[in-house]
Amino acid sequence: RREKDMRSKFTQQGSDVQADTEDEGEVDRTQGAARAISSYIDPGLCWDDVPWLKSITKMKVLLKGVQCGEDAVMAFKAGLDGAVLSNHGGRQLDTCRSGVEVLPEVMEALKEAGCKREDFAVFVDGGIRRGADIFKAVALGASGVGVGRPVLYSLASYGEKGIVRMVHMLQDELQMVMRLSGCPTVQSITEAHVITRNLADHIVPLPADHLTEGTYMPLMAAARL
């Protein structure tokens with residue numbers, strides 16, 4: 001659960017598809033912004049809705065939130081154009097695998113299902129902080145990566161120029177890793193450039209919450225205030 005978000009509460013309209021009133025009780029604004037904004041999501045959405053989604057747009061349709069090879073294969077067989085491997089920032093299910101950890105399993109499953117890389121794109125979202133992270137994802141079969149928090153941090157601190165600087169830093173780091181790995185082009189990056197034999201045994205340690213421990217004012221009993 002997003003406990004810090006729940007503490008902040010949320011009293012404003014969640015999105016442009018939600019009403020500005022909660023008289024009908026359809027929007028829960030007592031558990032933070034994420035819960036309020038996500039209240040418009042239809043829980044009945046399923047694989048049977050894929051043909052309809054594809055019929056109302058000419059854009060490519062990808063499935064985000066894939067966490068196993070079986071779901072990636074189902075997305076491929078359903079006619080989707082790709083999948084985004086993501087654990088949604090680790091905020092939905094504690095200790096679940098990151099996208100790059102799921103990637104080898106997904107690529108192997110798609111290969112066994114007869115899928116070609118040019119027919120089904122696989123993206124990794126989450127945890128991308130360095131050019132080396134991009135290199136590893138591409139080496140394991142990803143068509144591309146998603147960059148979230150670095151964008152937010154750069155934009156919040158330095159505005160548009162921060163975004164440009166961040167992209168250039170990732171580009172420079174990726175090029176340096178490619179040089180040191182003997183890869184003149186992106187196409188020359190292969191699985192042989194990374195070691196994955198212990199990936200299945202990887203245990204994610206509980207990260208320290210530096211904001212709570214060193215930045216935010218700690219919670220104190222009323223008697224100590």
# chains A, B, ... in the order shown; residues from 1 in each chain; ligands from 1
$ residues_around --residues "range 189-194 of chain A" --least-positions-apart "6" --cutoff "6 Å" --atoms "only C-alpha atoms" --output "PyMOL selection string"
chain A and resi 139-140+183
$ write_last_selection --atoms "N, CA and C atoms" --output "compact mmCIF listing (two decimals), in the first residue's frame"
# COMPACT_ATOMS: atom_id res chain seq x y z
N ALA A 139 20.59 -6.05 -24.15
CA ALA A 139 21.31 -7.31 -24.29
C ALA A 139 20.40 -8.51 -24.02
N LEU A 140 19.46 -8.35 -23.12
CA LEU A 140 18.56 -9.44 -22.77
C LEU A 140 17.34 -9.52 -23.69
N CYS A 183 30.92 -3.08 -28.66
CA CYS A 183 29.68 -3.07 -29.44
C CYS A 183 29.59 -1.76 -30.24
$ residues_around --residues "Trp47 in chain A" --least-positions-apart "6" --cutoff "12 Å" --atoms "only C-alpha atoms" --output "list in words"
Leu53, Lys54, Leu63, Asp71, Met74, Ala75, Phe76, Lys77, Ala78, Gly79 and Leu80 of chain A
$ closest_atom_pairs --of "range 48-90 of chain A" --to "range 114-127 of chain A" --cutoff "7 Å" --atoms "only C-alpha atoms" --output "JSON lines"
{"residue": "A:Phe76", "atom": "CA", "partner": "A:Phe120", "partner_atom": "CA", "distance": 6.8}
{"residue": "A:Asp81", "atom": "CA", "partner": "A:Phe120", "partner_atom": "CA", "distance": 5.3}
{"residue": "A:Gly82", "atom": "CA", "partner": "A:Ala121", "partner_atom": "CA", "distance": 4.3}
{"residue": "A:Ala83", "atom": "CA", "partner": "A:Val122", "partner_atom": "CA", "distance": 5.1}
{"residue": "A:Val84", "atom": "CA", "partner": "A:Phe123", "partner_atom": "CA", "distance": 4.6}
{"residue": "A:Leu85", "atom": "CA", "partner": "A:Val124", "partner_atom": "CA", "distance": 4.9}
{"residue": "A:Ser86", "atom": "CA", "partner": "A:Asp125", "partner_atom": "CA", "distance": 5.1}
{"residue": "A:Gly89", "atom": "CA", "partner": "A:Gly126", "partner_atom": "CA", "distance": 6.1}
$ write_last_selection --atoms "all heavy atoms" --output "CSV table (one decimal), in the first residue's frame"
chain,number,residue,atom,x,y,z
A,76,PHE,N,0.9,-11.7,-27.1
A,76,PHE,CA,1.3,-12.0,-28.5
A,76,PHE,C,0.2,-12.7,-29.3
A,76,PHE,O,-0.2,-12.3,-30.4
A,76,PHE,CB,2.6,-12.8,-28.5
A,76,PHE,CG,2.9,-13.3,-29.9
A,76,PHE,CD1,3.3,-12.5,-30.9
A,76,PHE,CD2,3.0,-14.7,-30.1
A,76,PHE,CE1,3.6,-13.0,-32.2
A,76,PHE,CE2,3.3,-15.2,-31.3
A,76,PHE,CZ,3.6,-14.3,-32.4
A,81,ASP,N,0.7,-5.5,-30.0
A,81,ASP,CA,1.9,-5.2,-30.7
A,81,ASP,C,3.1,-5.3,-29.8
A,81,ASP,O,4.3,-5.1,-30.3
A,81,ASP,CB,1.8,-3.8,-31.3
A,81,ASP,CG,0.7,-3.6,-32.3
A,81,ASP,OD1,0.8,-4.2,-33.4
A,81,ASP,OD2,-0.4,-3.0,-32.0
A,82,GLY,N,2.9,-5.4,-28.5
A,82,GLY,CA,4.1,-5.5,-27.6
A,82,GLY,C,3.6,-5.6,-26.2
A,82,GLY,O,2.4,-5.5,-25.9
A,83,ALA,N,4.6,-5.6,-25.3
A,83,ALA,CA,4.4,-5.7,-23.9
A,83,ALA,C,5.4,-4.8,-23.1
A,83,ALA,O,6.5,-4.7,-23.6
A,83,ALA,CB,4.4,-7.1,-23.4
A,84,VAL,N,5.0,-4.3,-22.0
A,84,VAL,CA,5.9,-3.5,-21.1
A,84,VAL,C,6.0,-4.3,-19.8
A,84,VAL,O,5.0,-4.5,-19.1
A,84,VAL,CB,5.3,-2.1,-20.9
A,84,VAL,CG1,6.3,-1.3,-20.0
A,84,VAL,CG2,5.1,-1.4,-22.2
A,85,LEU,N,7.2,-4.7,-19.5
A,85,LEU,CA,7.5,-5.5,-18.3
A,85,LEU,C,7.6,-4.4,-17.2
A,85,LEU,O,8.6,-3.6,-17.2
A,85,LEU,CB,8.7,-6.3,-18.4
A,85,LEU,CG,8.8,-7.2,-19.7
A,85,LEU,CD1,10.1,-8.0,-19.6
A,85,LEU,CD2,7.6,-8.0,-19.9
A,86,SER,N,6.8,-4.5,-16.2
A,86,SER,CA,6.8,-3.5,-15.1
A,86,SER,C,6.1,-4.0,-13.9
A,86,SER,O,5.2,-4.8,-14.0
A,86,SER,CB,6.0,-2.2,-15.6
A,86,SER,OG,5.9,-1.3,-14.6
A,89,GLY,N,6.6,0.4,-10.3
A,89,GLY,CA,7.4,1.0,-9.3
A,89,GLY,C,7.5,0.3,-8.0
A,89,GLY,O,7.9,0.8,-7.0
$ select_by_dssp --residues "range 74-206 of chain A" --states "strand (DSSP E)" --output "short mmCIF file (atom, residue, chain, number, x, y, z; two decimals) with all heavy atoms, in the first residue's frame"
data_model
loop_
_atom_site.label_atom_id
_atom_site.label_comp_id
_atom_site.auth_asym_id
_atom_site.auth_seq_id
_atom_site.Cartn_x
_atom_site.Cartn_y
_atom_site.Cartn_z
N GLY A 82 2.92 -5.43 -28.52
CA GLY A 82 4.07 -5.51 -27.62
C GLY A 82 3.63 -5.56 -26.17
O GLY A 82 2.43 -5.54 -25.85
N ALA A 83 4.64 -5.61 -25.29
CA ALA A 83 4.37 -5.67 -23.85
C ALA A 83 5.40 -4.82 -23.12
O ALA A 83 6.54 -4.68 -23.57
CB ALA A 83 4.41 -7.11 -23.35
N VAL A 84 4.98 -4.28 -22.00
CA VAL A 84 5.88 -3.51 -21.14
C VAL A 84 6.02 -4.26 -19.83
O VAL A 84 5.03 -4.45 -19.10
CB VAL A 84 5.33 -2.09 -20.87
CG1 VAL A 84 6.30 -1.30 -19.99
CG2 VAL A 84 5.09 -1.35 -22.18
N LEU A 85 7.23 -4.72 -19.54
CA LEU A 85 7.47 -5.45 -18.30
C LEU A 85 7.64 -4.44 -17.18
O LEU A 85 8.55 -3.61 -17.20
CB LEU A 85 8.72 -6.32 -18.44
CG LEU A 85 8.82 -7.18 -19.71
CD1 LEU A 85 10.06 -8.05 -19.65
CD2 LEU A 85 7.57 -8.01 -19.89
N ALA A 121 7.16 -6.19 -29.76
CA ALA A 121 8.17 -5.41 -29.04
C ALA A 121 8.03 -5.63 -27.53
O ALA A 121 6.92 -5.69 -27.00
CB ALA A 121 8.02 -3.93 -29.36
N VAL A 122 9.17 -5.75 -26.86
CA VAL A 122 9.18 -5.92 -25.41
C VAL A 122 9.98 -4.77 -24.80
O VAL A 122 11.13 -4.55 -25.16
CB VAL A 122 9.81 -7.27 -25.01
CG1 VAL A 122 9.85 -7.38 -23.49
CG2 VAL A 122 9.02 -8.43 -25.59
N PHE A 123 9.34 -4.04 -23.89
CA PHE A 123 9.98 -2.91 -23.23
C PHE A 123 10.12 -3.19 -21.73
O PHE A 123 9.32 -3.92 -21.15
CB PHE A 123 9.17 -1.63 -23.43
CG PHE A 123 9.06 -1.21 -24.87
CD1 PHE A 123 8.02 -1.67 -25.66
CD2 PHE A 123 10.00 -0.35 -25.43
CE1 PHE A 123 7.91 -1.28 -26.99
CE2 PHE A 123 9.90 0.04 -26.76
CZ PHE A 123 8.86 -0.42 -27.54
N VAL A 124 11.14 -2.61 -21.13
CA VAL A 124 11.36 -2.74 -19.69
C VAL A 124 11.13 -1.38 -19.04
O VAL A 124 11.70 -0.37 -19.47
CB VAL A 124 12.79 -3.23 -19.38
CG1 VAL A 124 13.07 -3.14 -17.89
CG2 VAL A 124 12.97 -4.65 -19.86
N ASP A 125 10.30 -1.35 -18.02
CA ASP A 125 9.98 -0.11 -17.33
C ASP A 125 10.33 -0.25 -15.86
O ASP A 125 9.91 -1.22 -15.21
CB ASP A 125 8.50 0.22 -17.49
CG ASP A 125 8.12 1.49 -16.75
OD1 ASP A 125 8.77 2.52 -16.96
OD2 ASP A 125 7.17 1.45 -15.95
N GLY A 144 13.37 -1.53 -25.97
CA GLY A 144 13.59 -0.21 -25.41
C GLY A 144 13.29 -0.22 -23.92
O GLY A 144 12.90 -1.25 -23.37
N VAL A 145 13.48 0.91 -23.27
CA VAL A 145 13.25 1.02 -21.84
C VAL A 145 12.41 2.25 -21.54
O VAL A 145 12.36 3.20 -22.33
CB VAL A 145 14.57 1.10 -21.05
CG1 VAL A 145 15.42 -0.14 -21.30
CG2 VAL A 145 15.35 2.36 -21.41
N GLY A 146 11.78 2.23 -20.38
CA GLY A 146 11.04 3.38 -19.91
C GLY A 146 11.81 4.07 -18.80
O GLY A 146 12.39 3.40 -17.94
#
$ closest_residue --among "A:Leu103, A:Ala36, A:Ile128, A:Ala109" --to "Val167 in chain A" --atoms "only C-alpha atoms"
A:Ile128
$ atom_distance --atom1 "CA of Asp172 in chain A" --atom2 "CA of Lys136 in chain A"
15.3 Å
